[in-house]
file work_11.txt (compact mmCIF, C-alpha atoms and all ligand atoms)
# COMPACT_ATOMS: atom_id res chain seq x y z
CA MET K 93 3.76 4.06 1.99
CA VAL K 94 6.56 1.67 1.90
CA ALA K 95 8.87 2.07 -1.03
CA LEU K 96 9.13 -0.87 -3.40
CA ALA K 97 5.47 -1.49 -3.00
CA PHE K 98 4.63 -0.23 -6.41
CA ILE K 99 6.34 0.86 -9.52
CA MET K 100 4.38 1.52 -12.60
CA ILE K 101 4.83 2.25 -16.24
CA PRO K 102 2.43 1.68 -19.09
CA TRP K 103 2.45 -4.07 -18.99
CA ALA K 104 1.04 -9.16 -17.69
CA ALA K 105 3.27 -11.76 -16.54
CA LEU K 106 4.17 -12.81 -13.05
CA VAL K 107 7.86 -13.03 -12.31
CA THR K 108 9.33 -14.47 -9.14
CA VAL K 109 12.24 -12.32 -8.15
CA ARG K 110 13.65 -13.57 -4.90
CA THR K 111 12.94 -15.76 -1.93
CA VAL K 112 12.44 -14.22 1.45
CA SER K 113 11.56 -15.45 4.87
CA ARG K 114 10.10 -13.58 7.77
CA ALA K 115 11.57 -13.52 11.23
CA LYS K 116 9.31 -14.22 14.19
CA GLY K 117 8.65 -11.65 16.86
CA ASP K 118 7.53 -8.74 14.70
CA VAL K 119 4.22 -8.29 16.47
CA LEU K 120 4.77 -4.83 17.83
CA SER K 121 1.34 -3.71 18.78
CA VAL K 122 -2.28 -4.67 18.85
CA PHE K 123 -4.87 -1.95 18.30
CA HIS K 124 -8.60 -2.55 18.36
CA PRO K 125 -10.97 0.04 16.90
CA THR K 126 -13.68 1.62 18.98
CA THR K 127 -17.24 1.88 17.75
CA ASP K 128 -16.97 5.68 17.54
CA GLN K 129 -13.90 5.50 15.33
CA LEU K 130 -15.64 3.13 12.97
CA LYS K 131 -18.69 5.39 12.72
CA GLU K 132 -16.52 8.28 11.60
CA THR K 133 -15.75 6.54 8.33
CA ASN K 134 -19.21 6.61 6.79
CA ALA K 135 -18.74 8.56 3.58
CA PRO K 136 -20.80 9.50 0.54
CA ALA K 137 -20.25 7.71 -2.76
CA ASP K 138 -19.18 10.99 -4.35
CA LEU K 139 -16.25 11.44 -1.98
CA ILE K 140 -13.29 12.32 -4.21
CA MET K 141 -10.15 10.21 -3.96
CA ARG K 142 -6.85 11.22 -5.53
CA VAL K 143 -5.68 7.94 -7.02
CA ALA K 144 -2.31 7.25 -8.66
CA GLN K 145 -3.00 3.66 -9.71
CA ILE K 146 -5.19 0.68 -9.03
CA VAL K 147 -4.24 -2.95 -9.55
CA PRO K 148 -7.51 -4.80 -8.98
CA ARG K 149 -6.00 -8.23 -8.45
CA THR K 150 -2.47 -8.67 -7.13
CA GLU K 151 -0.58 -11.12 -4.92
CA ALA K 152 2.45 -8.87 -4.53
CA GLU K 153 1.08 -6.32 -2.07
CA GLY K 154 0.10 -8.36 0.94
CA PRO K 155 -1.40 -11.75 1.86
CA GLY K 156 -3.73 -13.40 -0.64
CA VAL K 157 -5.23 -11.78 -3.70
CA ARG K 158 -5.74 -8.07 -3.04
CA PHE K 159 -7.29 -5.01 -4.60
CA ALA K 160 -4.45 -2.48 -4.38
CA VAL K 161 -4.92 1.28 -4.46
CA TRP K 162 -2.03 3.74 -4.65
CA PHE K 163 -2.91 7.24 -3.52
CA GLN K 164 -1.38 10.19 -5.31
CA GLY K 165 0.55 12.49 -3.01
CA CYS K 166 3.02 12.05 -0.17
CA PRO K 167 4.44 14.69 2.20
CA LEU K 168 7.57 12.62 2.89
CA ARG K 169 10.72 12.46 0.80
CA CYS K 170 12.50 9.16 1.51
CA PRO K 171 15.85 9.07 -0.31
CA GLY K 172 15.55 6.39 -2.97
CA CYS K 173 11.75 6.43 -3.02
CA CYS K 174 10.81 4.18 -5.92
CA ASN K 175 7.52 5.93 -6.58
CA PRO K 176 8.62 9.56 -7.07
CA GLU K 177 5.89 10.08 -9.66
CA PHE K 178 3.34 9.49 -6.89
CA LEU K 179 4.67 12.26 -4.63
CA PRO K 180 2.92 15.40 -5.99
CA PHE K 181 -0.58 15.80 -4.61
CA ALA K 182 -1.58 17.49 -7.85
CA GLY K 183 -1.08 14.42 -10.00
CA GLY K 184 -2.96 11.18 -10.36
CA GLU K 185 -6.63 10.93 -11.17
CA ALA K 186 -9.65 12.09 -9.22
CA LYS K 187 -12.03 9.17 -8.66
CA THR K 188 -15.12 9.04 -6.53
CA LEU K 189 -15.43 6.50 -3.77
CA GLY K 190 -18.37 5.08 -5.70
CA GLU K 191 -16.24 4.54 -8.80
CA VAL K 192 -13.55 2.77 -6.83
CA LEU K 193 -16.12 0.60 -5.05
CA ASP K 194 -17.75 -0.29 -8.36
CA TRP K 195 -14.34 -1.49 -9.54
CA LEU K 196 -13.82 -3.37 -6.30
CA ASP K 197 -17.21 -5.08 -6.63
CA ARG K 198 -16.62 -6.01 -10.27
CA THR K 199 -13.30 -7.50 -9.23
CA ARG K 200 -14.96 -9.54 -6.46
CA ALA K 201 -17.65 -10.73 -8.86
CA ALA K 202 -14.95 -12.03 -11.20
CA GLY K 203 -13.21 -13.99 -8.46
CA ALA K 204 -12.72 -13.92 -4.72
CA ILE K 205 -10.20 -11.55 -3.20
CA GLU K 206 -8.90 -11.46 0.35
CA GLY K 207 -8.52 -7.80 0.94
CA VAL K 208 -7.61 -4.29 0.01
CA SER K 209 -4.11 -2.81 0.21
CA LEU K 210 -3.59 0.95 0.44
CA LEU K 211 -0.27 2.35 -0.72
CA GLY K 212 1.07 5.53 -2.19
CA GLY K 213 1.98 8.17 -2.02
CA GLU K 214 1.04 8.17 1.61
CA PRO K 215 -2.35 6.68 2.58
CA PHE K 216 -2.51 8.58 5.86
CA ALA K 217 -2.18 11.84 3.92
CA HIS K 218 -5.49 10.78 2.32
CA ALA K 219 -6.98 9.51 5.54
CA ALA K 220 -10.63 10.42 4.97
CA ALA K 221 -10.70 8.69 1.60
CA GLY K 222 -8.59 5.82 2.91
CA ALA K 223 -10.87 5.29 5.90
CA ALA K 224 -13.96 5.37 3.70
CA LEU K 225 -12.49 2.76 1.38
CA ALA K 226 -11.29 0.67 4.30
CA ARG K 227 -14.75 0.81 5.92
CA ALA K 228 -16.34 -0.32 2.66
CA ALA K 229 -13.80 -3.13 2.37
CA ARG K 230 -14.58 -4.29 5.91
CA ASP K 231 -18.30 -4.16 5.14
CA ARG K 232 -17.61 -6.56 2.26
CA GLY K 233 -15.73 -8.95 4.52
CA LEU K 234 -12.33 -7.95 3.18
CA THR K 235 -9.15 -7.29 5.14
CA VAL K 236 -7.26 -4.01 5.03
CA MET K 237 -3.49 -3.62 4.72
CA VAL K 238 -1.84 -0.20 4.72
CA TYR K 239 1.70 0.82 3.83
CA SER K 240 2.78 4.09 5.47
CA GLY K 241 5.99 6.11 5.53
CA PHE K 242 4.97 7.31 9.00
CA THR K 243 5.66 5.22 12.06
CA VAL K 244 2.68 3.90 14.00
CA GLU K 245 3.67 6.22 16.85
CA GLN K 246 3.46 9.21 14.52
CA ILE K 247 0.13 8.01 13.19
CA ARG K 248 -1.32 7.60 16.68
CA ALA K 249 -0.09 11.07 17.66
CA ASN K 250 -1.92 12.65 14.73
CA PRO K 251 -5.06 14.44 16.02
CA ASP K 252 -6.97 14.06 12.74
CA PRO K 253 -9.94 11.78 13.48
CA ALA K 254 -9.78 10.43 9.94
CA VAL K 255 -6.24 9.22 10.60
CA ALA K 256 -7.42 7.43 13.75
CA ALA K 257 -10.34 5.98 11.80
CA LEU K 258 -8.11 4.62 9.06
CA LEU K 259 -5.76 3.08 11.58
CA ALA K 260 -8.72 1.60 13.43
CA LEU K 261 -9.82 -0.12 10.23
CA THR K 262 -6.36 -1.48 9.40
CA ASP K 263 -5.60 -5.17 9.93
CA LEU K 264 -1.99 -4.99 8.78
CA LEU K 265 0.25 -1.94 8.85
CA VAL K 266 3.75 -1.75 7.38
CA ASP K 267 5.21 1.44 8.80
CA GLY K 268 8.20 3.74 8.64
CA PRO K 269 10.11 5.53 5.91
CA TYR K 270 11.83 3.56 3.21
CA GLU K 271 15.62 3.52 3.75
CA ARG K 272 17.44 2.77 0.54
CA GLU K 273 20.65 1.78 2.33
CA ARG K 274 18.86 -0.86 4.42
CA PRO K 275 17.06 -3.14 1.96
CA ASP K 276 15.14 -5.96 3.63
CA THR K 277 15.93 -9.35 2.10
CA GLU K 278 14.36 -11.47 4.84
CA ARG K 279 10.75 -10.43 5.18
CA ARG K 280 8.04 -10.58 2.55
CA TRP K 281 6.26 -7.35 1.61
CA VAL K 282 8.74 -5.13 3.44
CA GLY K 283 11.07 -2.64 1.74
CA SER K 284 13.76 -1.81 4.30
CA THR K 285 14.86 -3.31 7.60
CA ASN K 286 13.70 -0.35 9.68
CA GLN K 287 10.11 -0.89 8.64
CA ARG K 288 7.82 -2.85 10.93
CA VAL K 289 4.82 -5.06 10.36
CA HIS K 290 2.03 -4.41 12.85
CA PHE K 291 -0.63 -7.07 13.20
CA LEU K 292 -3.39 -4.82 14.45
CA THR K 293 -6.22 -7.34 14.53
CA GLU K 294 -6.55 -11.07 14.83
CA LYS K 295 -7.05 -11.49 11.08
CA TYR K 296 -3.37 -12.22 10.49
CA HIS K 297 -0.58 -13.75 12.51
CA PRO K 298 3.19 -13.57 11.99
CA ASP K 299 3.51 -17.34 12.27
CA ASP K 300 1.42 -17.82 9.12
CA PRO K 301 3.60 -19.49 6.45
CA CYS K 302 2.53 -16.85 3.93
CA TRP K 303 5.07 -14.49 5.46
CA ARG K 304 7.84 -16.89 4.60
CA ALA K 305 6.77 -17.62 1.02
CA ARG K 306 8.53 -16.32 -2.05
CA ASN K 307 8.25 -12.63 -2.73
CA THR K 308 7.05 -11.56 -6.13
CA LEU K 309 7.18 -8.85 -8.72
CA GLU K 310 4.25 -8.62 -11.09
CA ILE K 311 4.56 -7.27 -14.60
CA ARG K 312 1.37 -6.68 -16.58
CA VAL K 313 1.19 -6.08 -20.28
CA ASP K 314 -1.80 -5.01 -22.27
CA ARG K 315 -2.27 -3.30 -25.59
CA THR K 316 -1.33 0.17 -24.43
CA GLN K 317 0.69 -0.05 -21.27
CA VAL K 318 3.05 -1.93 -19.03
CA SER K 319 2.78 -1.86 -15.25
CA VAL K 320 5.05 -3.33 -12.64
CA ASN K 321 4.29 -3.79 -8.98
CA GLY K 322 5.71 -5.76 -6.11
CA PHE K 323 9.15 -5.97 -4.59
CA PRO K 324 12.04 -6.06 -7.05
CA ALA K 325 15.60 -6.91 -6.08
CA PRO K 326 17.30 -3.75 -4.75
CA ASP K 327 19.59 -3.43 -7.77
CA ALA K 328 16.61 -3.65 -10.13
CA ILE K 329 14.52 -0.89 -8.60
CA GLY K 330 13.30 1.56 -11.18
CA LEU K 331 15.14 0.09 -14.14
CA TRP K 332 11.93 0.42 -16.17
CA LYS K 333 11.41 4.04 -15.18
CA PRO K 334 12.46 7.32 -16.74
CA LYS K 335 15.99 8.43 -15.90
CA TRP K 336 14.86 11.20 -13.59
CA ALA K 337 12.96 8.71 -11.46
CA ARG K 338 15.89 6.27 -11.32
CA LYS K 339 18.70 8.66 -10.55
CA SER K 340 17.50 11.90 -9.07
CA GLY K 341 15.12 10.51 -6.48
CA PRO K 342 11.89 12.24 -5.58
CA ARG K 343 10.83 15.34 -7.42
CA GLU K 344 9.83 18.34 -5.41
CA GLN K 345 6.20 18.46 -4.39
CA LYS K 346 4.13 20.71 -6.62
S1 LIG G 401 8.63 9.34 -0.03
FE1 LIG G 401 8.72 7.59 1.37
S2 LIG G 401 6.65 7.43 2.24
FE2 LIG G 401 6.50 8.77 0.40
S3 LIG G 401 5.96 7.40 -1.30
FE3 LIG G 401 8.19 7.53 -1.26
S4 LIG G 401 8.91 5.78 0.00
FE4 LIG G 401 6.69 6.07 0.40
call {"tool": "encode", "arguments": {"input": "work_11.txt", "output": "structure tokens"}}
result
Amino acid sequence: MVALAFIMIPWAALVTVRTVSRAKGDVLSVFHPTTDQLKETNAPADLIMRVAQIVPRTEAEGPGVRFAVWFQGCPLRCPGCCNPEFLPFAGGEAKTLGEVLDWLDRTRAAGAIEGVSLLGGEPFAHAAAGAALARAARDRGLTVMVYSGFTVEQIRANPDPAVAALLALTDLLVDGPYERERPDTERRWVGSTNQRVHFLTEKYHPDDPCWRARNTLEIRVDRTQVSVNGFPAPDAIGLWKPKWARKSGPREQK
């Protein structure tokens, strides 16, 4: 995933943090799924997903209102990763695909959403579950956005068919490792300047004004917890986290 995409602690207000604009010319590749790749993603409702967090309705993780799922577990260790608590594969919560889809459908029944965003952790390290969720999202007429710490070249070189299937089902991909020393202040929904936005289908286009709108950080408060997601200003990253997460960077994978 891309760092800055999610930070969470046990809170609901929407706070505009900074204004960004998006440069033209970031269409780096176009990839159209084959029928065989799409067939590979049929999955049973009891497929287990290792989930770190779900925000069922957010405008801070891609275009429109989106159902955002953070996977638990990432094999990468980007210095300055703002989600170090999502790195161990042993953490998070085991949810079935059926449970997640029930939540998705309840969310849609309560009000229209545009798509699903997959973050982490690293979605391509959970490719079978990610592809199954992405297929179900497509079946419901939703778009799919994925944040990955891998580059698209690395993803395409991966022989795992589930990885190819997830990529084939992705409309928008933000790729590459988060680089703390290169914060991106120009493009919406991008953490560092090395990261690229790939418009993999015709669903989105870089000339859409949404890419030049204000970026946001969302803070939710309920009775028992506070959660924060979105893209905070670089000097505010992790201020609401435990000290170890703010200063020591990622913990070692368990
Ligand atoms: S280590 Fe890198 S790819 Fe993994 S969650 Fe952190 S920022 Fe994302």
call {"tool": "closest_residue", "arguments": {"input": "work_11.txt", "among": "K:Ala254, K:Lys295, K:Glu245, K:Gly184", "to": "K:Arg230", "atoms": "all atoms listed in the file"}}
result
K:Lys295
call {"tool": "atom_distance", "arguments": {"input": "work_11.txt", "atom1": "atom CA of K:Gly190", "atom2": "atom CA of K:Asp138"}}
result
6.1 Å
call {"tool": "residues_around", "arguments": {"input": "work_11.txt", "residues": "K:Glu153", "least_positions_apart": "2", "cutoff": "12 Å", "atoms": "all atoms listed in the file", "output": "VMD selection string"}}
result
chain K and resid 93 to 99 146 to 151 155 to 162 206 to 212 236 to 239 264 to 266 280 to 283 303 307 to 310 320 to 323
call {"tool": "atom_distance", "arguments": {"input": "work_11.txt", "atom1": "atom CA of K:Phe216", "atom2": "atom CA of K:Leu258"}}
result
7.6 Å
call {"tool": "residues_near_ligand", "arguments": {"input": "work_11.txt", "ligand": "ligand LIG 401 (chain G)", "cutoff": "7 Å", "atoms": "all atoms listed in the file", "output": "MDAnalysis selection string"}}
result
chainID K and resid 93:95 166:170 173:176 178:179 212:214 240:242 269:270
call {"tool": "closest_residue", "arguments": {"input": "work_11.txt", "among": "K:Leu225, K:Ile311, K:Ala144, K:Val255", "to": "K:Ala186", "atoms": "all atoms listed in the file"}}
result
K:Ala144
call {"tool": "closest_residue", "arguments": {"input": "work_11.txt", "among": "K:Leu234, K:Ala221, K:Ala201, K:Asp263", "to": "K:Glu294", "atoms": "all atoms listed in the file"}}
result
K:Asp263
call {"tool": "axis_aligned_box", "arguments": {"input": "work_11.txt", "around": "stretch 238-255 of chain K", "padding_each_side": "4 Å", "output": "AutoDock Vina command-line options"}}
result
--center_x -2.0 --center_y 7.1 --center_z 10.7 --size_x 23.9 --size_y 22.6 --size_z 21.8
call {"tool": "closest_residue", "arguments": {"input": "work_11.txt", "among": "K:Pro136, K:Gly233, K:Gly172, K:Gly268", "to": "K:Ala204", "atoms": "only C-alpha atoms"}}
result
K:Gly233
call {"tool": "closest_residue", "arguments": {"input": "work_11.txt", "among": "K:Val313, K:Glu185, K:Asp299, K:Glu271", "to": "K:Ser284", "atoms": "all atoms listed in the file"}}
result
K:Glu271
call {"tool": "atom_distance", "arguments": {"input": "work_11.txt", "atom1": "atom CA of K:His218", "atom2": "atom CA of K:Ser319"}}
result
23.2 Å
call {"tool": "closest_residue", "arguments": {"input": "work_11.txt", "among": "K:Arg198, K:Arg304, K:Lys187, K:His290", "to": "K:Thr277", "atoms": "all atoms listed in the file"}}
result
K:Arg304
call {"tool": "decode", "arguments": {"input": "work_11.txt", "residues": "stretch 150-286 of chain K", "atoms": "C-alpha atoms", "output": "CSV table (one decimal), in the first residue's frame"}}
result
chain,number,residue,atom,x,y,z
K,150,THR,CA,-14.8,7.4,3.0
K,151,GLU,CA,-13.9,10.2,0.5
K,152,ALA,CA,-10.2,10.2,1.5
K,153,GLU,CA,-9.0,7.0,-0.2
K,154,GLY,CA,-9.8,7.6,-3.8
K,155,PRO,CA,-12.4,9.2,-6.1
K,156,GLY,CA,-16.0,9.4,-4.8
K,157,VAL,CA,-17.4,7.7,-1.7
K,158,ARG,CA,-15.6,4.4,-1.2
K,159,PHE,CA,-15.7,1.3,0.9
K,160,ALA,CA,-12.1,1.0,2.1
K,161,VAL,CA,-10.4,-2.2,3.3
K,162,TRP,CA,-7.0,-2.3,4.9
K,163,PHE,CA,-5.4,-5.8,4.8
K,164,GLN,CA,-3.3,-6.9,7.7
K,165,GLY,CA,0.3,-7.8,6.7
K,166,CYS,CA,2.9,-6.4,4.5
K,167,PRO,CA,6.3,-7.9,3.4
K,168,LEU,CA,7.8,-4.5,2.7
K,169,ARG,CA,9.4,-2.1,5.3
K,170,CYS,CA,9.3,1.4,3.9
K,171,PRO,CA,11.1,3.8,6.2
K,172,GLY,CA,8.5,6.1,7.7
K,173,CYS,CA,5.6,3.7,7.0
K,174,CYS,CA,2.7,5.3,8.8
K,175,ASN,CA,0.8,2.1,9.3
K,176,PRO,CA,3.4,0.0,11.1
K,177,GLU,CA,0.7,-1.7,13.2
K,178,PHE,CA,-0.6,-3.2,9.9
K,179,LEU,CA,2.7,-4.9,9.0
K,180,PRO,CA,2.6,-8.2,10.9
K,181,PHE,CA,0.6,-10.9,9.1
K,182,ALA,CA,-0.4,-12.3,12.4
K,183,GLY,CA,-2.4,-9.3,13.5
K,184,GLY,CA,-5.7,-7.9,12.4
K,185,GLU,CA,-9.0,-9.8,12.3
K,186,ALA,CA,-10.0,-12.8,10.3
K,187,LYS,CA,-13.2,-12.1,8.3
K,188,THR,CA,-14.8,-14.2,5.7
K,189,LEU,CA,-15.4,-12.8,2.2
K,190,GLY,CA,-19.2,-13.2,3.0
K,191,GLU,CA,-18.9,-11.0,6.1
K,192,VAL,CA,-17.1,-8.3,4.2
K,193,LEU,CA,-19.6,-8.4,1.4
K,194,ASP,CA,-22.5,-8.3,3.8
K,195,TRP,CA,-20.9,-5.1,5.2
K,196,LEU,CA,-20.4,-3.7,1.7
K,197,ASP,CA,-24.0,-4.4,0.7
K,198,ARG,CA,-25.4,-2.8,3.9
K,199,THR,CA,-23.3,0.2,3.1
K,200,ARG,CA,-24.6,0.4,-0.4
K,201,ALA,CA,-28.2,0.0,0.9
K,202,ALA,CA,-27.6,3.0,3.1
K,203,GLY,CA,-26.4,5.2,0.3
K,204,ALA,CA,-24.6,4.9,-3.0
K,205,ILE,CA,-20.9,4.4,-3.1
K,206,GLU,CA,-18.6,4.6,-6.1
K,207,GLY,CA,-16.1,1.9,-5.4
K,208,VAL,CA,-13.9,-0.1,-3.2
K,209,SER,CA,-10.3,0.8,-2.2
K,210,LEU,CA,-7.8,-1.8,-1.1
K,211,LEU,CA,-5.0,-0.7,1.1
K,212,GLY,CA,-2.8,-2.2,3.8
K,213,GLY,CA,-0.6,-3.7,4.7
K,214,GLU,CA,0.0,-4.8,1.2
K,215,PRO,CA,-3.1,-5.9,-0.9
K,216,PHE,CA,-1.0,-7.9,-3.4
K,217,ALA,CA,0.3,-10.0,-0.4
K,218,HIS,CA,-3.4,-10.9,0.0
K,219,ALA,CA,-4.0,-11.3,-3.7
K,220,ALA,CA,-6.6,-14.2,-3.6
K,221,ALA,CA,-8.7,-12.4,-1.0
K,222,GLY,CA,-8.2,-9.0,-2.8
K,223,ALA,CA,-9.2,-10.4,-6.2
K,224,ALA,CA,-12.3,-12.1,-4.7
K,225,LEU,CA,-13.4,-8.8,-3.1
K,226,ALA,CA,-12.5,-6.9,-6.3
K,227,ARG,CA,-14.5,-9.3,-8.4
K,228,ALA,CA,-17.5,-8.9,-6.1
K,229,ALA,CA,-17.2,-5.2,-6.2
K,230,ARG,CA,-17.1,-5.2,-10.0
K,231,ASP,CA,-20.2,-7.5,-10.0
K,232,ARG,CA,-21.9,-4.8,-8.0
K,233,GLY,CA,-21.0,-2.1,-10.5
K,234,LEU,CA,-18.3,-0.6,-8.3
K,235,THR,CA,-14.8,0.5,-9.2
K,236,VAL,CA,-11.7,-0.9,-7.7
K,237,MET,CA,-8.7,1.2,-6.5
K,238,VAL,CA,-5.6,-0.5,-5.0
K,239,TYR,CA,-2.6,1.0,-3.2
K,240,SER,CA,0.5,-1.1,-3.4
K,241,GLY,CA,4.1,-0.8,-2.1
K,242,PHE,CA,5.2,-2.8,-5.2
K,243,THR,CA,5.7,-1.2,-8.5
K,244,VAL,CA,3.4,-2.2,-11.4
K,245,GLU,CA,6.4,-3.9,-13.0
K,246,GLN,CA,7.0,-6.0,-9.9
K,247,ILE,CA,3.3,-6.9,-9.8
K,248,ARG,CA,3.2,-8.0,-13.4
K,249,ALA,CA,6.4,-10.0,-13.0
K,250,ASN,CA,4.8,-12.0,-10.1
K,251,PRO,CA,3.8,-15.5,-11.3
K,252,ASP,CA,1.0,-15.9,-8.8
K,253,PRO,CA,-2.3,-16.0,-10.9
K,254,ALA,CA,-4.1,-14.4,-8.0
K,255,VAL,CA,-1.8,-11.3,-8.3
K,256,ALA,CA,-2.6,-11.1,-12.0
K,257,ALA,CA,-6.3,-11.5,-11.3
K,258,LEU,CA,-6.3,-8.7,-8.7
K,259,LEU,CA,-4.4,-6.4,-11.1
K,260,ALA,CA,-6.8,-7.3,-13.9
K,261,LEU,CA,-9.7,-6.2,-11.7
K,262,THR,CA,-8.1,-2.9,-10.7
K,263,ASP,CA,-9.3,0.4,-12.2
K,264,LEU,CA,-6.8,2.6,-10.4
K,265,LEU,CA,-3.4,1.6,-9.0
K,266,VAL,CA,-1.2,3.8,-6.9
K,267,ASP,CA,2.1,1.9,-6.8
K,268,GLY,CA,5.6,2.0,-5.3
K,269,PRO,CA,7.1,2.2,-1.9
K,270,TYR,CA,6.4,5.1,0.3
K,271,GLU,CA,9.4,7.4,0.6
K,272,ARG,CA,9.3,9.6,3.7
K,273,GLU,CA,11.9,12.0,2.4
K,274,ARG,CA,9.8,12.7,-0.8
K,275,PRO,CA,6.3,13.7,0.4
K,276,ASP,CA,4.0,14.5,-2.5
K,277,THR,CA,2.2,17.9,-2.0
K,278,GLU,CA,0.8,18.2,-5.6
K,279,ARG,CA,-1.2,15.1,-6.3
K,280,ARG,CA,-4.3,13.9,-4.4
K,281,TRP,CA,-4.3,10.5,-2.9
K,282,VAL,CA,-0.6,10.0,-3.3
K,283,GLY,CA,1.9,9.7,-0.5
K,284,SER,CA,5.4,10.3,-2.0
K,285,THR,CA,6.6,11.7,-5.3
K,286,ASN,CA,8.0,8.4,-6.5
